[in-house]
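Only one structure is covered here, and it is reproduced in the block below.
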Amino acid sequence: MQQEMIIVLDFGGQYNQLIARRVRECNVYCEVHPYDMSLDRIRELNPKGIIMTGGPNSVYEEGSALCDKKIFELGISILGICYGSQVMAHVLGGEVATAPVSEYGKTEVTTDTSSSLFQDVGGKTVCWMSHTDYIAKVPEGFSVTAHTPVCPVAAMEDRKRGLYATQFHPEVVHTAEGAKMLRNFVVDVCGCRGEWRMDSFVETSIRKLREKIGVGKVLCALSGGVDSSVAAVLLSKAVGKQLTCVFVDHGLLRKYEGDEVEAVFGPEGPYDLNFIRVNAQERFYEKLAGVSEPEEKRKIIGEEFIRVFEEEAKKIGAVDFLVQGTIYPDVIESGLGKSAVIKSHHNVGGLPDYVDFKEIIEPLRLLFKDEVRRAGLELGIPAYLVYRQPFPGPGLGIRIIGEVTAEKVRIVQDADFIYREEIVKAGCDKGLGQYFAALTNMRSVGVMGDFRTYDYAVALRAVNTSDFMTAECAQIPFEVLQKVMNRIINEVKGVNRVVYDLTSKPPGTVEFE
Ligand code: XMP
């Protein structure tokens with residue numbers, strides 16, 4: 001039986017991944033694809049529904065992202081959101097124009113509750129608007145199903161053809177009943193049964209991996225983080241000893257982390273894996289010497305990783321596949337869809353152009369972090385491993401602003417260790433998305449005893465987040481921060497100042513580089 005699927009066509013908006021998330025929350029599998037995906041490919045995937053996302057263009061601008069009119073003739077239900085709604089109106093012969101009044105933020109919308117989209121939704125409901133263009137005239141066959149005082153077409157539909165559109169964003173939390181509207185589309189309009197579960201993901205992945213790999217040999221890039229650990233165990237269930245896990249200690253790990261990873265995945269650990277640890281600290285430091293530009297550092301670390309894996313693969317012989325624990329936010333933020341590049345995440349955009357493996361396998365590529373965790377539990381990985389905070393592939397390399405040196409690594413490792421220890425001791429770790437120390441590239445004057453110091457400032461960061469695409473600074477009790485500050489200044493040589501980062505994401509990012 002074919003798995004039910006909804007396709008999200010990405011027109012470049014910032015909330016696109018959220019749409020996929022909301023659909024999956026209805027237990028329906030969902031993939032994001034570029035807006036210009038071919039009709040043939042869409043037919044092949046045979047989705048139950050399509051969602052066209054928001055985006056930065058105006059439909060009437062030259063070269064703007066549009067879709068093939070025939071997409072509306074496939075007999076597949078389609079929901080257009082914001083820019084996607086304007087594309088639908090424009091391509092089908094309606095009229096899109098610059099709105100006399102732009103709408104931005106929470107807006108009260110009046111809905112026609114007889115529409116399938118607004119079933120069980122209030123006749124007046126708060127929605128998130130963000131637009132300067134609007135649909136001035138709906139295409140033939142469409143009726144208006146929602147409006148605001150300044151937006152005559154806040155939603156429209158042609159029920160017969162299964163075409164729906166909203167000017168507002170149902171996917172963001174500020175649209176009070178948005179999740180319900182998306183569920184209405186997915187379940188009632190598209191007729192999805194909602195049977196997609198993590199166990200079906202695990203089962204299907206194992207089957208597909210076996211088919212793809214056959215009797216081939218596979219190397220898994222293991223960092224010890226949640227994602228690559230889940231990928232490793234998944235692969236090990238699929239192909240057993242055809243898999244070798246290579247753990248590269250690039251000298252940018254947290255204090256004692258190398259030994260901790262080895263304790264879990266090495267010969268003494270609970271898994272029956274081929275495990276190789278490569279101590280490559282010096283090699284990474286040499287490559288990073290004199291480099292301070294964040295993207296360049298990410299690319300160097302990403303490339304060196306691959307070179308180490310290639311060397312290990314040669315030693316094993318006849319390894320065709322490299323497995324990485326890439327997850328969905330890495331893919332999106334590396335700009336491989338139609339959204340802007342934020343960072344070259346080392347699993348994805350940081351890859352060198354040439355990689356000496358027949359194929360890179362990324363079994364978690366379409367999962368969000370919390371879904372990876374659920375897959376991990378499904379695979380029997382202990383909860384304490386599954387719920388560890390994430391640690392990025394480029395490691396402390398992107399928590400040291402500017403040039404990386406062995407001395408700076410030591411400083412940030414020691415400061416971070418103290419910070420994490422005190423956070424756990426104070427019982428603040430529960431519910432925190434991520435917390436760590438970073439080394440700013442700033443030195444300043446201080447006084448210790450009777451002496452002048454000129455040392456580095458360490459930055460402490462802690463965020464609350466559910467999906468790592470957005471994050472809020474966490475409110476750590478002041479006395480805990482003060483204790484951490486005291487200990488860092490007293491115990492870590494080379495630091496004379498500690499600051500706490502209050503920035504949320506956006507406008508900041510979780511990591512410093
Ligand atoms: P940012 O800094 O992009 O971080 O807001 C969001 C989440 O992604 C992690 N991160 C990475 N993970 N490779 C990874 O595997 C990377 O290159 C990378 N960069 C950031 C970061 O720790 C946070 O959880």
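So you can find residues: chains in the structure tokens are A, B, ... in the order shown, residues in each start at 1, and ligands are numbered from 1 in order.
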Set the distance at 10 Å and use only C-alpha atoms: which residues neighbour Ser236 (chain A) once local chain neighbours fewer than 3 positions away are removed? I'd like the list as a compact mmCIF listing (two decimals) with all heavy atoms, in the first residue's frame.
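Ended up saving to result12.txt:
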# COMPACT_ATOMS: atom_id res chain seq x y z
N ILE A 206 14.39 0.89 7.22
CA ILE A 206 15.24 -0.31 7.27
C ILE A 206 15.10 -1.11 5.98
O ILE A 206 16.08 -1.55 5.38
CB ILE A 206 14.90 -1.17 8.52
CG1 ILE A 206 15.40 -0.43 9.77
CG2 ILE A 206 15.49 -2.56 8.43
CD1 ILE A 206 15.09 -1.11 11.08
N VAL A 218 29.26 -0.15 4.20
CA VAL A 218 28.81 1.20 4.53
C VAL A 218 29.67 1.77 5.65
O VAL A 218 30.01 1.06 6.60
CB VAL A 218 27.37 1.15 5.08
CG1 VAL A 218 26.81 2.55 5.28
CG2 VAL A 218 26.47 0.35 4.19
N CYS A 220 29.70 4.83 8.48
CA CYS A 220 28.82 5.85 9.09
C CYS A 220 29.68 6.87 9.84
O CYS A 220 30.52 6.51 10.66
CB CYS A 220 27.84 5.20 10.07
SG CYS A 220 26.78 6.41 10.88
N VAL A 230 21.49 8.03 16.05
CA VAL A 230 20.26 7.39 15.56
C VAL A 230 20.51 6.80 14.17
O VAL A 230 20.12 5.66 13.88
CB VAL A 230 19.08 8.39 15.53
CG1 VAL A 230 17.86 7.80 14.85
CG2 VAL A 230 18.73 8.82 16.95
N ALA A 231 21.23 7.55 13.32
CA ALA A 231 21.52 7.05 11.97
C ALA A 231 22.33 5.75 12.07
O ALA A 231 22.06 4.78 11.36
CB ALA A 231 22.29 8.10 11.17
N ALA A 232 23.32 5.72 12.99
CA ALA A 232 24.18 4.54 13.11
C ALA A 232 23.37 3.31 13.54
O ALA A 232 23.51 2.22 12.97
CB ALA A 232 25.30 4.82 14.12
N VAL A 233 22.51 3.50 14.54
CA VAL A 233 21.75 2.35 15.04
C VAL A 233 20.75 1.87 13.98
O VAL A 233 20.56 0.67 13.77
CB VAL A 233 21.05 2.69 16.39
CG1 VAL A 233 20.18 1.54 16.84
CG2 VAL A 233 22.09 3.01 17.45
N VAL A 239 21.77 -3.32 8.14
CA VAL A 239 22.81 -4.10 7.44
C VAL A 239 23.86 -4.71 8.35
O VAL A 239 24.87 -5.24 7.86
CB VAL A 239 23.48 -3.25 6.33
CG1 VAL A 239 22.47 -2.87 5.26
CG2 VAL A 239 24.15 -2.01 6.90
N GLY A 240 23.64 -4.67 9.66
CA GLY A 240 24.53 -5.35 10.61
C GLY A 240 25.99 -5.00 10.43
O GLY A 240 26.35 -3.84 10.36
N LYS A 241 26.82 -6.05 10.29
CA LYS A 241 28.26 -5.84 10.26
C LYS A 241 28.80 -5.34 8.92
O LYS A 241 30.00 -5.18 8.75
CB LYS A 241 28.97 -7.12 10.69
CG LYS A 241 28.87 -7.40 12.19
CD LYS A 241 29.63 -6.32 12.97
CE LYS A 241 29.65 -6.55 14.45
NZ LYS A 241 30.74 -7.27 15.00
N GLN A 242 27.90 -5.10 7.97
CA GLN A 242 28.37 -4.43 6.74
C GLN A 242 28.70 -2.97 7.05
O GLN A 242 29.29 -2.26 6.26
CB GLN A 242 27.28 -4.45 5.66
CG GLN A 242 27.06 -5.79 5.00
CD GLN A 242 25.68 -5.84 4.33
OE1 GLN A 242 24.75 -6.44 4.86
NE2 GLN A 242 25.54 -5.22 3.18
N LEU A 243 28.30 -2.55 8.23
CA LEU A 243 28.48 -1.15 8.65
C LEU A 243 29.71 -1.00 9.53
O LEU A 243 29.95 -1.81 10.42
CB LEU A 243 27.24 -0.73 9.46
CG LEU A 243 27.33 0.61 10.19
CD1 LEU A 243 27.22 1.77 9.22
CD2 LEU A 243 26.23 0.72 11.25
N THR A 244 30.50 0.07 9.24
CA THR A 244 31.56 0.46 10.17
C THR A 244 31.31 1.90 10.57
O THR A 244 31.08 2.75 9.71
CB THR A 244 32.95 0.38 9.49
OG1 THR A 244 33.14 -0.95 9.01
CG2 THR A 244 34.06 0.74 10.47
N CYS A 245 31.32 2.17 11.88
CA CYS A 245 31.14 3.54 12.34
C CYS A 245 32.51 4.16 12.59
O CYS A 245 33.33 3.59 13.30
CB CYS A 245 30.35 3.55 13.65
SG CYS A 245 28.66 3.03 13.38
N TYR A 271 26.34 -1.77 21.94
CA TYR A 271 26.03 -2.10 20.55
C TYR A 271 27.12 -2.97 19.94
O TYR A 271 28.30 -2.80 20.21
CB TYR A 271 25.88 -0.82 19.72
CG TYR A 271 24.77 0.05 20.23
CD1 TYR A 271 25.05 1.20 20.96
CD2 TYR A 271 23.44 -0.31 20.02
CE1 TYR A 271 24.02 1.98 21.46
CE2 TYR A 271 22.41 0.47 20.52
CZ TYR A 271 22.71 1.60 21.25
OH TYR A 271 21.70 2.37 21.75
N ASP A 272 26.69 -3.88 19.09
CA ASP A 272 27.65 -4.76 18.43
C ASP A 272 28.02 -4.14 17.09
O ASP A 272 27.51 -4.53 16.04
CB ASP A 272 26.97 -6.13 18.24
CG ASP A 272 27.96 -7.14 17.71
OD1 ASP A 272 29.18 -6.92 17.85
OD2 ASP A 272 27.50 -8.15 17.12
N LEU A 273 28.89 -3.11 17.14
CA LEU A 273 29.21 -2.36 15.92
C LEU A 273 30.69 -2.46 15.61
O LEU A 273 31.51 -2.59 16.51
CB LEU A 273 28.94 -0.87 16.18
CG LEU A 273 27.52 -0.36 16.34
CD1 LEU A 273 27.55 1.08 16.82
CD2 LEU A 273 26.81 -0.44 15.00
N ASN A 274 31.02 -2.35 14.32
CA ASN A 274 32.42 -2.10 13.98
C ASN A 274 32.68 -0.63 14.26
O ASN A 274 32.03 0.23 13.66
CB ASN A 274 32.68 -2.37 12.50
CG ASN A 274 32.43 -3.82 12.14
OD1 ASN A 274 32.83 -4.72 12.87
ND2 ASN A 274 31.76 -4.05 11.02
Let's see if you can do this: from backbone DSSP, list all helix (DSSP H, G or I) residues in region 266-500 of chain A, as a CSV table (one decimal) with N, CA and C atoms, in the first residue's frame.
chain,number,residue,atom,x,y,z
A,281,GLN,N,43.2,15.5,15.9
A,281,GLN,CA,43.2,16.8,16.4
A,281,GLN,C,44.2,17.7,15.6
A,282,GLU,N,45.4,17.3,15.6
A,282,GLU,CA,46.5,18.1,15.0
A,282,GLU,C,46.2,18.5,13.6
A,283,ARG,N,45.7,17.5,12.9
A,283,ARG,CA,45.4,17.7,11.4
A,283,ARG,C,44.3,18.8,11.2
A,284,PHE,N,43.3,18.8,12.1
A,284,PHE,CA,42.3,19.9,12.0
A,284,PHE,C,42.8,21.2,12.4
A,285,TYR,N,43.6,21.2,13.5
A,285,TYR,CA,44.2,22.5,13.9
A,285,TYR,C,45.0,23.2,12.8
A,286,GLU,N,45.8,22.3,12.2
A,286,GLU,CA,46.7,22.8,11.1
A,286,GLU,C,45.9,23.4,10.0
A,287,LYS,N,44.9,22.7,9.6
A,287,LYS,CA,44.0,23.3,8.5
A,287,LYS,C,43.3,24.6,8.9
A,288,LEU,N,43.0,24.7,10.2
A,288,LEU,CA,42.2,25.9,10.6
A,288,LEU,C,43.1,27.1,11.0
A,294,PRO,N,33.7,32.5,9.4
A,294,PRO,CA,32.9,31.4,9.8
A,294,PRO,C,32.6,30.3,8.7
A,295,GLU,N,32.2,30.8,7.5
A,295,GLU,CA,31.8,29.9,6.5
A,295,GLU,C,33.1,29.1,6.0
A,296,GLU,N,34.2,29.8,6.0
A,296,GLU,CA,35.4,29.1,5.6
A,296,GLU,C,35.8,28.0,6.6
A,297,LYS,N,35.6,28.4,7.9
A,297,LYS,CA,35.9,27.4,8.9
A,297,LYS,C,35.0,26.2,8.8
A,298,ARG,N,33.7,26.4,8.5
A,298,ARG,CA,32.8,25.3,8.4
A,298,ARG,C,33.2,24.4,7.2
A,299,LYS,N,33.6,25.1,6.1
A,299,LYS,CA,33.9,24.3,4.9
A,299,LYS,C,35.1,23.5,5.1
A,300,ILE,N,36.1,24.1,5.8
A,300,ILE,CA,37.4,23.3,6.1
A,300,ILE,C,37.1,22.1,6.9
A,301,ILE,N,36.3,22.3,8.0
A,301,ILE,CA,36.0,21.2,8.9
A,301,ILE,C,35.2,20.1,8.2
A,302,GLY,N,34.2,20.6,7.4
A,302,GLY,CA,33.4,19.6,6.6
A,302,GLY,C,34.3,18.8,5.6
A,303,GLU,N,35.2,19.5,5.0
A,303,GLU,CA,36.0,18.8,4.0
A,303,GLU,C,37.0,17.8,4.6
A,304,GLU,N,37.6,18.3,5.7
A,304,GLU,CA,38.6,17.4,6.4
A,304,GLU,C,37.9,16.2,7.0
A,305,PHE,N,36.7,16.3,7.5
A,305,PHE,CA,36.0,15.2,7.9
A,305,PHE,C,35.9,14.1,6.8
A,306,ILE,N,35.4,14.6,5.6
A,306,ILE,CA,35.2,13.7,4.5
A,306,ILE,C,36.6,13.0,4.1
A,307,ARG,N,37.7,13.8,4.2
A,307,ARG,CA,39.0,13.2,3.8
A,307,ARG,C,39.3,12.1,4.8
A,308,VAL,N,39.1,12.3,6.0
A,308,VAL,CA,39.4,11.3,7.0
A,308,VAL,C,38.5,10.0,6.7
A,309,PHE,N,37.3,10.3,6.4
A,309,PHE,CA,36.4,9.1,6.2
A,309,PHE,C,36.9,8.4,4.9
A,310,GLU,N,37.3,9.1,3.9
A,310,GLU,CA,37.8,8.5,2.7
A,310,GLU,C,39.0,7.6,3.0
A,311,GLU,N,39.9,8.1,3.8
A,311,GLU,CA,41.1,7.4,4.1
A,311,GLU,C,40.7,6.1,4.9
A,312,GLU,N,39.8,6.2,5.8
A,312,GLU,CA,39.4,5.0,6.6
A,312,GLU,C,38.6,4.0,5.7
A,313,ALA,N,37.9,4.6,4.7
A,313,ALA,CA,37.1,3.7,3.8
A,313,ALA,C,38.1,2.9,3.0
A,314,LYS,N,39.2,3.6,2.6
A,314,LYS,CA,40.2,2.9,1.7
A,314,LYS,C,40.9,1.7,2.6
A,315,LYS,N,41.1,2.0,3.8
A,315,LYS,CA,41.7,0.9,4.7
A,315,LYS,C,40.8,-0.3,4.8
A,316,ILE,N,39.5,0.0,4.9
A,316,ILE,CA,38.5,-1.1,5.0
A,316,ILE,C,38.4,-1.8,3.6
A,328,TYR,N,16.5,17.6,8.9
A,328,TYR,CA,15.8,18.5,8.0
A,328,TYR,C,16.2,20.0,8.2
A,329,PRO,N,16.3,20.5,9.4
A,329,PRO,CA,16.7,21.9,9.5
A,329,PRO,C,18.1,22.1,8.9
A,330,ASP,N,19.0,21.1,9.0
A,330,ASP,CA,20.4,21.3,8.4
A,330,ASP,C,20.2,21.5,6.9
A,331,VAL,N,19.3,20.8,6.3
A,331,VAL,CA,19.0,20.8,4.8
A,331,VAL,C,18.5,22.2,4.5
A,332,ILE,N,17.5,22.6,5.2
A,332,ILE,CA,16.8,23.9,4.9
A,332,ILE,C,17.7,25.1,5.1
A,333,GLU,N,18.4,25.1,6.3
A,333,GLU,CA,19.3,26.3,6.6
A,333,GLU,C,20.5,26.3,5.7
A,369,LYS,N,14.1,17.4,14.6
A,369,LYS,CA,14.9,16.9,15.7
A,369,LYS,C,14.0,16.1,16.6
A,370,ASP,N,12.8,16.5,16.9
A,370,ASP,CA,12.0,15.8,17.9
A,370,ASP,C,11.5,14.4,17.2
A,371,GLU,N,11.4,14.4,15.9
A,371,GLU,CA,11.1,13.2,15.2
A,371,GLU,C,12.3,12.2,15.2
A,372,VAL,N,13.5,12.8,15.1
A,372,VAL,CA,14.7,12.0,15.2
A,372,VAL,C,14.8,11.3,16.6
A,373,ARG,N,14.4,12.1,17.6
A,373,ARG,CA,14.4,11.5,19.0
A,373,ARG,C,13.4,10.4,19.1
A,374,ARG,N,12.2,10.6,18.5
A,374,ARG,CA,11.2,9.6,18.6
A,374,ARG,C,11.7,8.3,17.9
A,375,ALA,N,12.4,8.5,16.7
A,375,ALA,CA,12.9,7.4,16.0
A,375,ALA,C,14.0,6.7,16.8
A,376,GLY,N,14.8,7.5,17.5
A,376,GLY,CA,15.8,6.9,18.4
A,376,GLY,C,15.2,6.0,19.5
A,377,LEU,N,14.1,6.5,20.1
A,377,LEU,CA,13.5,5.7,21.2
A,377,LEU,C,12.9,4.4,20.6
A,378,GLU,N,12.3,4.6,19.4
A,378,GLU,CA,11.7,3.5,18.6
A,378,GLU,C,12.8,2.4,18.4
A,383,ALA,N,17.0,6.6,26.6
A,383,ALA,CA,16.5,8.0,26.7
A,383,ALA,C,17.6,9.0,27.0
A,384,TYR,N,18.5,8.6,27.9
A,384,TYR,CA,19.5,9.6,28.2
A,384,TYR,C,20.4,10.0,27.0
A,385,LEU,N,20.5,9.1,26.1
A,385,LEU,CA,21.3,9.4,24.9
A,385,LEU,C,20.4,10.2,23.9
A,386,VAL,N,19.2,9.8,23.8
A,386,VAL,CA,18.2,10.4,22.8
A,386,VAL,C,18.0,11.9,23.2
A,395,GLY,N,31.5,21.4,15.8
A,395,GLY,CA,31.9,21.4,17.2
A,395,GLY,C,32.3,22.8,17.7
A,396,LEU,N,33.3,22.8,18.6
A,396,LEU,CA,33.7,24.0,19.2
A,396,LEU,C,34.3,25.0,18.1
A,397,GLY,N,34.6,24.5,16.9
A,397,GLY,CA,35.1,25.3,15.9
A,397,GLY,C,34.2,26.5,15.6
A,398,ILE,N,32.8,26.3,15.8
A,398,ILE,CA,31.9,27.4,15.5
A,398,ILE,C,31.4,28.1,16.9
A,406,ALA,N,44.6,25.5,19.7
A,406,ALA,CA,44.5,24.5,20.7
A,406,ALA,C,44.2,25.2,22.1
A,407,GLU,N,44.9,26.3,22.3
A,407,GLU,CA,44.7,27.1,23.6
A,407,GLU,C,43.3,27.5,23.7
A,408,LYS,N,42.7,28.1,22.7
A,408,LYS,CA,41.3,28.5,22.8
A,408,LYS,C,40.3,27.4,23.0
A,409,VAL,N,40.7,26.2,22.3
A,409,VAL,CA,39.8,25.0,22.5
A,409,VAL,C,39.8,24.6,24.0
A,410,ARG,N,41.0,24.7,24.6
A,410,ARG,CA,41.1,24.3,26.0
A,410,ARG,C,40.3,25.2,26.9
A,411,ILE,N,40.3,26.6,26.6
A,411,ILE,CA,39.6,27.5,27.4
A,411,ILE,C,38.1,27.2,27.3
A,412,VAL,N,37.6,27.1,26.0
A,412,VAL,CA,36.1,26.9,25.9
A,412,VAL,C,35.7,25.6,26.4
A,413,GLN,N,36.5,24.5,26.3
A,413,GLN,CA,36.2,23.2,26.8
A,413,GLN,C,36.0,23.3,28.3
A,414,ASP,N,37.0,24.0,29.0
A,414,ASP,CA,36.9,24.0,30.5
A,414,ASP,C,35.7,24.9,30.9
A,415,ALA,N,35.5,26.0,30.3
A,415,ALA,CA,34.4,26.9,30.7
A,415,ALA,C,33.1,26.2,30.4
A,416,ASP,N,32.9,25.5,29.3
A,416,ASP,CA,31.7,24.8,29.0
A,416,ASP,C,31.4,23.7,30.0
A,417,PHE,N,32.5,23.0,30.4
A,417,PHE,CA,32.3,21.9,31.3
A,417,PHE,C,31.7,22.4,32.6
A,418,ILE,N,32.3,23.5,33.1
A,418,ILE,CA,31.8,24.1,34.4
A,418,ILE,C,30.4,24.5,34.2
A,419,TYR,N,30.1,25.2,33.1
A,419,TYR,CA,28.7,25.7,32.9
A,419,TYR,C,27.7,24.5,32.9
A,420,ARG,N,28.0,23.5,32.1
A,420,ARG,CA,27.1,22.4,32.1
A,420,ARG,C,26.9,21.7,33.4
A,421,GLU,N,28.1,21.6,34.1
A,421,GLU,CA,28.0,20.9,35.4
A,421,GLU,C,27.1,21.7,36.4
A,422,GLU,N,27.3,23.0,36.4
A,422,GLU,CA,26.5,23.8,37.3
A,422,GLU,C,25.0,23.8,37.0
A,423,ILE,N,24.7,23.8,35.7
A,423,ILE,CA,23.3,23.9,35.2
A,423,ILE,C,22.6,22.6,35.7
A,424,VAL,N,23.3,21.4,35.5
A,424,VAL,CA,22.7,20.2,35.9
A,424,VAL,C,22.6,20.1,37.4
A,425,LYS,N,23.6,20.6,38.1
A,425,LYS,CA,23.6,20.6,39.6
A,425,LYS,C,22.4,21.4,40.1
A,478,PHE,N,19.8,33.9,38.2
A,478,PHE,CA,20.9,34.8,38.3
A,478,PHE,C,22.0,34.2,39.2
A,479,GLU,N,21.6,33.6,40.3
A,479,GLU,CA,22.6,33.0,41.2
A,479,GLU,C,23.4,31.9,40.6
A,480,VAL,N,22.7,31.1,39.7
A,480,VAL,CA,23.4,30.1,39.0
A,480,VAL,C,24.5,30.7,38.0
A,481,LEU,N,24.0,31.7,37.3
A,481,LEU,CA,25.0,32.4,36.4
A,481,LEU,C,26.2,32.9,37.1
A,482,GLN,N,25.9,33.5,38.3
A,482,GLN,CA,26.9,34.1,39.1
A,482,GLN,C,28.0,33.1,39.5
A,483,LYS,N,27.4,31.9,39.9
A,483,LYS,CA,28.3,30.8,40.4
A,483,LYS,C,29.2,30.4,39.2
A,484,VAL,N,28.5,30.2,38.1
A,484,VAL,CA,29.3,29.8,36.9
A,484,VAL,C,30.4,30.8,36.6
A,485,MET,N,30.0,32.1,36.6
A,485,MET,CA,31.0,33.1,36.3
A,485,MET,C,32.2,33.0,37.3
A,486,ASN,N,31.9,32.9,38.6
A,486,ASN,CA,32.9,32.8,39.6
A,486,ASN,C,33.9,31.6,39.3
A,487,ARG,N,33.3,30.5,39.0
A,487,ARG,CA,34.1,29.3,38.8
A,487,ARG,C,34.9,29.4,37.6
A,488,ILE,N,34.3,30.0,36.5
A,488,ILE,CA,35.1,30.1,35.2
A,488,ILE,C,36.3,31.0,35.4
A,489,ILE,N,36.0,32.2,36.1
A,489,ILE,CA,37.1,33.1,36.2
A,489,ILE,C,38.2,32.5,37.1
A,490,ASN,N,37.8,31.8,38.1
A,490,ASN,CA,38.8,31.2,39.1
A,490,ASN,C,39.5,30.0,38.5
A,491,GLU,N,38.8,29.2,37.7
A,491,GLU,CA,39.4,27.9,37.3
A,491,GLU,C,39.9,27.9,35.9
Legend entry - Shortest interatomic distance to Phe436 (chain A) - which of A:Gln389, A:Gln119, A:Thr113, A:Ser466, counting only C-alpha atoms: A:Gln389
Inset, instruction - as a count of residues only, please: all residues of region 269-430 of chain A that backbone DSSP puts in strand (DSSP E). - result: 14
Inset, instruction - Name all residues at most 9 Å from Ala474 (chain A) (count only C-alpha atoms; drop same-chain ones fewer than 4 positions away) and give them as a PyMOL selection string. - result: chain A and resi 432-433+435+461-464+502
Legend entry - Residue neighbourhood Asp112 (chain A), 8 Å, only C-alpha atoms, exclusion window fewer than 6 positions, as number ranges by chain: A: 118, 123, 145-146
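Proximity of A:Ala280, A:Ala89, A:Ala165, A:Val126 to Met52 (chain A), computed with only C-alpha atoms, is greatest for A:Ala165.
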Within 9 Å of Lys208 (chain A), counting only C-alpha atoms, which residues show up once you throw out same-chain ones fewer than 5 positions away? Write them as a compact mmCIF listing (two decimals) with all heavy atoms, in the first residue's frame, please.
# COMPACT_ATOMS: atom_id res chain seq x y z
N GLU A 203 10.58 1.20 10.19
CA GLU A 203 10.40 -0.03 9.41
C GLU A 203 10.66 0.18 7.92
O GLU A 203 11.43 -0.56 7.29
CB GLU A 203 8.94 -0.45 9.56
CG GLU A 203 8.69 -1.91 9.76
CD GLU A 203 7.20 -2.07 10.02
OE1 GLU A 203 6.45 -2.14 9.03
OE2 GLU A 203 6.80 -2.06 11.20
N ILE A 213 21.46 -0.89 -0.22
CA ILE A 213 22.83 -1.26 0.10
C ILE A 213 23.17 -2.68 -0.35
O ILE A 213 24.30 -2.96 -0.72
CB ILE A 213 23.07 -1.07 1.62
CG1 ILE A 213 22.94 0.41 1.97
CG2 ILE A 213 24.44 -1.59 2.03
CD1 ILE A 213 22.76 0.71 3.43
N ALA A 238 19.71 -2.31 9.89
CA ALA A 238 19.43 -2.65 8.49
C ALA A 238 20.48 -3.59 7.92
O ALA A 238 20.14 -4.57 7.25
CB ALA A 238 19.35 -1.38 7.65
Legend entry - Distance in Å - CA of Glu62 (chain A) versus CA of Tyr104 (chain A):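 Computing the Euclidean distance for CA of Glu62 (chain A) and CA of Tyr104 (chain A) yields 24.7 Å.
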Legend entry - For Trp196 (chain A), the nearest of the candidates A:Ile381, A:Cys26, A:Ala176, A:Ile6, counting only C-alpha atoms: A:Cys26
Inset, instruction - Compile the contact shell of region 171-175 of chain A as a list in words: residues with an atom at most 9 Å away, counting only C-alpha atoms, same-chain residues fewer than 5 positions apart removed. - result: Tyr15, Asn16, Leu18, Ile19, Ala20, Arg21, Arg22, Gly105, Lys106, Thr107, Thr125, Val126, Cys127, Trp128, Met129, Met181 and Leu182 of chain A
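Using only C-alpha atoms, the shortest contact distance between Val226 (chain A) and any of A:Gly75, A:Gly80, A:Pro170, A:Pro382 is found at A:Pro382.
Atom pair CA of Ile7 (chain A) / CA of Phe142 (chain A): separated by 22.6 Å.
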Inset, instruction - Would you list the contacts of Gln3 (chain A) as a ChimeraX atom specification, taking every protein, DNA or RNA residue within 12 Å and counting only C-alpha atoms, but skipping same-chain residues closer than 5 positions in sequence? - result: /A:27-30,45-48,192-197,200-201,204
Inset, instruction - Can you work out which one of A:Gln475, A:Thr440, A:Ser228, A:Gln86 has the shortest atom-to-atom distance to Ala136 (chain A), counting only C-alpha atoms? - result: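 Once distances to Ala136 (chain A) are computed over only C-alpha atoms, the minimum belongs to A:Gln86.
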